[in-house]
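Peer 1: Questions regarding the structure given below will be posed in turn.
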Amino acid sequence: MAPRLDFSNWWAKDTRKGNPVVVTMENPNFSVVEIDGPDSAFRPVEKSRGKNAKQVTWVLLLKANRAVGCVAWLATVLWALLGAIKKRLIHRQGVTLASEKMGKGKLLFRVIKVFLVTALAILAFEIVAYLQGWHYFNNPSLRIPKTSDLEGVLHMVYVAWLTFRADYIAPLILALSKFCVLLFLIQSADRTVLCLGCLWIKYKKIKPRIVGDPFKSDDLEGSGYEYPMVLVQIPMCNEKEVYEQSISAVCQLDWPKDRILIQVLDDSDDESIQWLIKAEVTKWSQRGINIIYRHRLVRTGYKAGNLKSAMGCDYVKGYEFVAIFDADFQPNPDFLKQAVPHFKDNPELGLVQARWSFVNKDENLLTRLQNINLCFHFEVEQQVNGVFLNFFGFNGTAGVWRIKALEESGGWLERTTVEDMDIAVRAHLNGWKFIFLNDVKVLCEVPESYEAYRKQQHRWHSGPMQLFRLCLPAIITSKISVCKKANMILLFFLLRKLILPFYSFTLFCIILPLTMFVPEAELPMWVICYVPVFMSFLNILPAPKSFPFIVPYLLFENTMSVTKFNAMISGLFQLGSSYEWVVTKKAGRSSESDLLAVAEKDSKTMNQPQIYRGASESDLSELNQIKEQKEAAQVPVKKVNKIYRKELALAFLLLTASVRSLLSAQGVHFYFLLFQGVTFLLVGLDLIGEQMS
């Protein structure tokens with residue numbers, strides 16, 4: 001039966017007019033009458049307005065307009081959603097599709113797909129069952145379990161799970177957590193001692209000093225007699241963004257031209273980049289700078305192989321010291337005058353290491369957090385070890401070596417990806433001493449993208465474990481004192497390179513989240529909150545402007561422990577990923593405004609024939625072509641910021657687990673479990689998107 005369309009009630013007003021009236025008569029001969037409203041007999045009769053076809057048509061048109069607008073809005077939302085999915089899963093808009101990454105995470109992706117297909121199948125079955133009348137309301141013969149039956153089964157399963165959790169799972173987690181907490185306290189004590197040592201150095205104003213002015217001589221002024229021969233090496237590999245400013249900064253070092261030689265050690269496999277670097281070397285060579293370009297035909301051993309090959313040249317034998325700068329480092333003109341004099345009258349000194357300073361530390365949150373770690377590393381670790389132990393790990397750049405120390409220690413070896421730490425350990429075992437100059441700073445860059453930072457951290461944490469396996473016999477059999485052996489084995493390698501990533505990953509990324517589901521193994525408050533916050537304050541002390549970022553820093557460090565733990569395991573057990581060497585991507589940030597001014601001045605004062613005066617016509621044509629390509633490549637490219645939701649989800653997991661532990665007494669366990677389920681759902685959706693892309 002079709003519904004009856006009656007629009008009369010839209011106009012008719014079924015309202016009762018009048019207000020209740022109570023009349024009280026003073027005369028007792030009359031009774032009290034309460035009138036609730038006008039009597040129906042005396043109620044005025046309303047005449048309904050006539051409803052013609054035109055009015056009904058307008059009403060229908062208004063309703064139809066609203067319906068069409070709603071449908072159009074839904075269609076727009078659906079179309080926008082489909083467009084976003086298309087961009088996210090298919091095109092990715094400017095993100096290069098890396099086919100080699102397609103195999104990562106396939107297992108988890110398959111699990112998510114199986115779960116999705118199963119859910120859709122169950123939904124389809126439910127719909128078919130309902131349409132076929134299989135539901136129990138129309139099928140009395142179907143036996144449906146009673147509520148009491150279900151409650152009994154669920155109660156029995158839940159009690160069994162509680163018993164198993166308390167008897168078997170909780171003791172294992174408690175034992176592992178106690179072990180990790182012990183390691184955590186040991187590492188915290190080490191950090192505290194280092195900070196106290198740094199405060200003592202600041203209080204006593206202890207630092208390496210140069211007695212007098214070694215370059216001032218009334219008799220031989222200007223002759224260059226007191227200047228030792230210094231070799232400067234700039235190893236680089238496909239460093240298109242930073243080669244120019246690095247070569248420019250090194251060529252402006254304040255040192256006699258006849259007492260310095262600059263080697264540009266180019267391992268680039270891109271011919272266009274090779275020609276660009278050659279042109280830059282030629283430009284400075286035409287100005288009278290003693291600089292040469294060197295390119296290896298056989299590129300083996302990465303940076304160590306490049307340095308080893310350069311040190312094998314015959315003309316290097318006449319030099320006493322070698323300064324090394326990576327391609328993104330820009331030393332000040334007085335760097336050599338601040339570093340080299342420390343070697344005078346100190347024959348046991350083998351290395352002078354300068355501090356790094358970062359031109360892009362305020363670029364984004366990632367660079368700010370890296371600045372916290374690196375400031376603590378140089379201000380506290382390197383300075384304290386240099387003052388009290390005369391030993392620390394060479395940072396691979398911004399340092400000056402005595403060539404005799406390199407040769408007696410075996411030179412550069414290609415056995416690990418941390419050739420700088422390798423040569424430092426071997427030099428220390430041979431009795432050479434190191435000095436760290438905290439006041440001498442060399443500008444450089446930190447990775448601005450998480451992808452580059454993660455690869456860098458993987459190399460920095462896998463290489464030391466490789467080196468520890470190789471150097472342990474040499475450390476034990478060396479002639480250094482027992483205290484130095486213990487410091488190198490227990491503190492330098494085990495505590496700071498192995499134990500730190502192990503307990504950080506196990507305690508805060510495994511045990512802490514598990515306590516959400518196993519409350520019997522809940523961690524104490526001081527482990528979750530007090531000690532980590534105190535240690536974070538100690539880490540931020542060398543960079544006081546970073547105090548507002550203490551919470552992101554704490555979560556960031558615990559999240560990065562996954563990458564560091566993975567790298568540590570791969571290096572310790574000699575896995576394939578421990579031999580990976582990926583050049584850290586640079587952004588080419590300018591260090592000083594005067595460098596840009598010098599570059600502009602060069603382009604104005606030097607014309608093309610003067611720069612390439614020693615080149616042939618074919619070389620000039622190729623260089624001109626490369627210059628045109630370089631100018632065309634300077635068009636700004638829109639950056640695509642990739643959100644690493646898995647890492648963010650892990651940080652959210654740690655945060656929610658910590659807050660749940662802090663608020664467990666208020667009975668909010670269920671809500672945090674709910675939030676955690678939503679987090680895992682978002683991570684799963686992101687994994688699907690990454691795999692489909």
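Residue numbering restarts at 1 for every chain of the structure tokens, chains are lettered A, B, ... in their displayed order, and ligands are numbered from 1 as they appear.
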Quick one: pick out all strand (DSSP E) residues within stretch 395-500 of chain A from a backbone DSSP run and write them as a list of chain:residue names.
Peer 2: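 Everything in stretch 395-500 of chain A that counts as strand (DSSP E) is A:Gly399, A:Val400, A:Trp401, A:Arg402, A:Lys433, A:Phe434, A:Ile435, A:Phe436, A:Leu437, A:Asn438, A:Asp439, A:Val440, A:Lys441, A:Val442, A:Leu443, A:Cys444.
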Peer 1: Take the selection from the previous step and output its residues with C-alpha atoms, as a PDB file, in the first residue's frame.
Peer 2:
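See selection-v3.pdb below for the written result:
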ATOM      1  CA  GLY A 399      91.120  16.844  12.285  1.00  0.00           C
ATOM      2  CA  VAL A 400      94.875  17.001  11.729  1.00  0.00           C
ATOM      3  CA  TRP A 401      96.967  13.817  11.875  1.00  0.00           C
ATOM      4  CA  ARG A 402     100.703  13.419  12.197  1.00  0.00           C
ATOM      5  CA  LYS A 433      97.947  10.760  22.286  1.00  0.00           C
ATOM      6  CA  PHE A 434      95.008  12.861  21.093  1.00  0.00           C
ATOM      7  CA  ILE A 435      93.899  16.434  21.770  1.00  0.00           C
ATOM      8  CA  PHE A 436      90.374  17.787  21.349  1.00  0.00           C
ATOM      9  CA  LEU A 437      89.913  21.509  20.660  1.00  0.00           C
ATOM     10  CA  ASN A 438      86.456  22.485  21.832  1.00  0.00           C
ATOM     11  CA  ASP A 439      87.004  26.145  20.916  1.00  0.00           C
ATOM     12  CA  VAL A 440      87.954  25.446  17.285  1.00  0.00           C
ATOM     13  CA  LYS A 441      84.761  24.875  15.313  1.00  0.00           C
ATOM     14  CA  VAL A 442      84.321  23.768  11.719  1.00  0.00           C
ATOM     15  CA  LEU A 443      81.015  24.391   9.986  1.00  0.00           C
ATOM     16  CA  CYS A 444      79.184  21.455   8.434  1.00  0.00           C
TER      17      CYS A 444
END
Peer 1: What does the distance between atom CA of A:Asn290 and atom CA of A:Lys337 come to in Å, to one decimal place?
Peer 2: 18.0 Å
Peer 1: Give me the residues within 10 Å of A:Ile273 as a list of chain:residue names, counting only C-alpha atoms and dropping any in the same chain fewer than 5 places off.
Peer 2: A:Cys237, A:Asn238, A:Glu239, A:Lys240, A:Glu241, A:Tyr243, A:Asp266, A:Ser268, A:Lys278, A:Ala279, A:Ile626, A:Lys630
Peer 1: Mind checking which residues fall within 10 Å of stretch 420-425 of chain A, counting only C-alpha atoms, ignoring those fewer than 3 positions away in the same chain, and posting them as an MDAnalysis selection string?
Peer 2: chainID A and resid 303:304 350:351 391:397 405:406 409:417 428:430 432:434 460 463:464 466:468 470:471 474:475 488
Peer 1: Enter the distance from atom CA of A:Leu265 to atom CA of A:His295, in Å, rounded to one decimal.
Peer 2: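 Computing it gives 6.1 Å between the two atoms.
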Peer 1: In Å, rounded to a single decimal, give me how far atom CA of A:Asn390 is from atom CA of A:Pro341.
Peer 2: 17.2 Å
Peer 1: May I have the residues within 10 Å of A:Phe378 as a PyMOL selection string, using only C-alpha atoms and disregarding those fewer than 3 positions away in the same chain?
Peer 2: chain A and resi 354-357+373-375+381-384+395+436-438+542
Peer 1: List the neighbours of A:Trp526 out to 12 Å using only C-alpha atoms; skip same-chain residues closer than 2 positions along the sequence, and give me the result as a ChimeraX atom specification.
Peer 2: /A:181,184-185,522-524,528-535,658,661-662
Peer 1: Could you give me, as a ChimeraX atom specification, the residues within 9 Å of A:Leu336, counting only C-alpha atoms and dropping anything in the same chain fewer than 5 positions from it?
Peer 2: /A:230,253-255,323,341,400
Peer 1: Could you tell me which of A:Met525, A:Leu495, A:Ile480, A:Leu194 comes closest to A:Phe388 if we count only C-alpha atoms?
Peer 2: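 Once distances to A:Phe388 are computed over only C-alpha atoms, the minimum belongs to A:Leu194.
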Peer 1: Considering only C-alpha atoms, state which residue in the set A:Ile260, A:Leu162, A:Lys344, A:Lys207 is at the smallest distance from A:Gly318.
Peer 2: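 Of A:Ile260, A:Leu162, A:Lys344, A:Lys207, the one nearest A:Gly318 is A:Ile260, counting only C-alpha atoms.
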Peer 1: Measuring atom to atom with only C-alpha atoms, identify which of A:Leu514, A:Val582, A:Ile372, A:Leu183 is nearest to A:Ser536.
Peer 2: A:Ile372
Peer 1: Name the closest residue to A:Ser449 among the candidates A:Lys283, A:Lys586, A:Arg191, A:Arg296; distances are taken between atoms, counting only C-alpha atoms.
Peer 2: A:Lys586
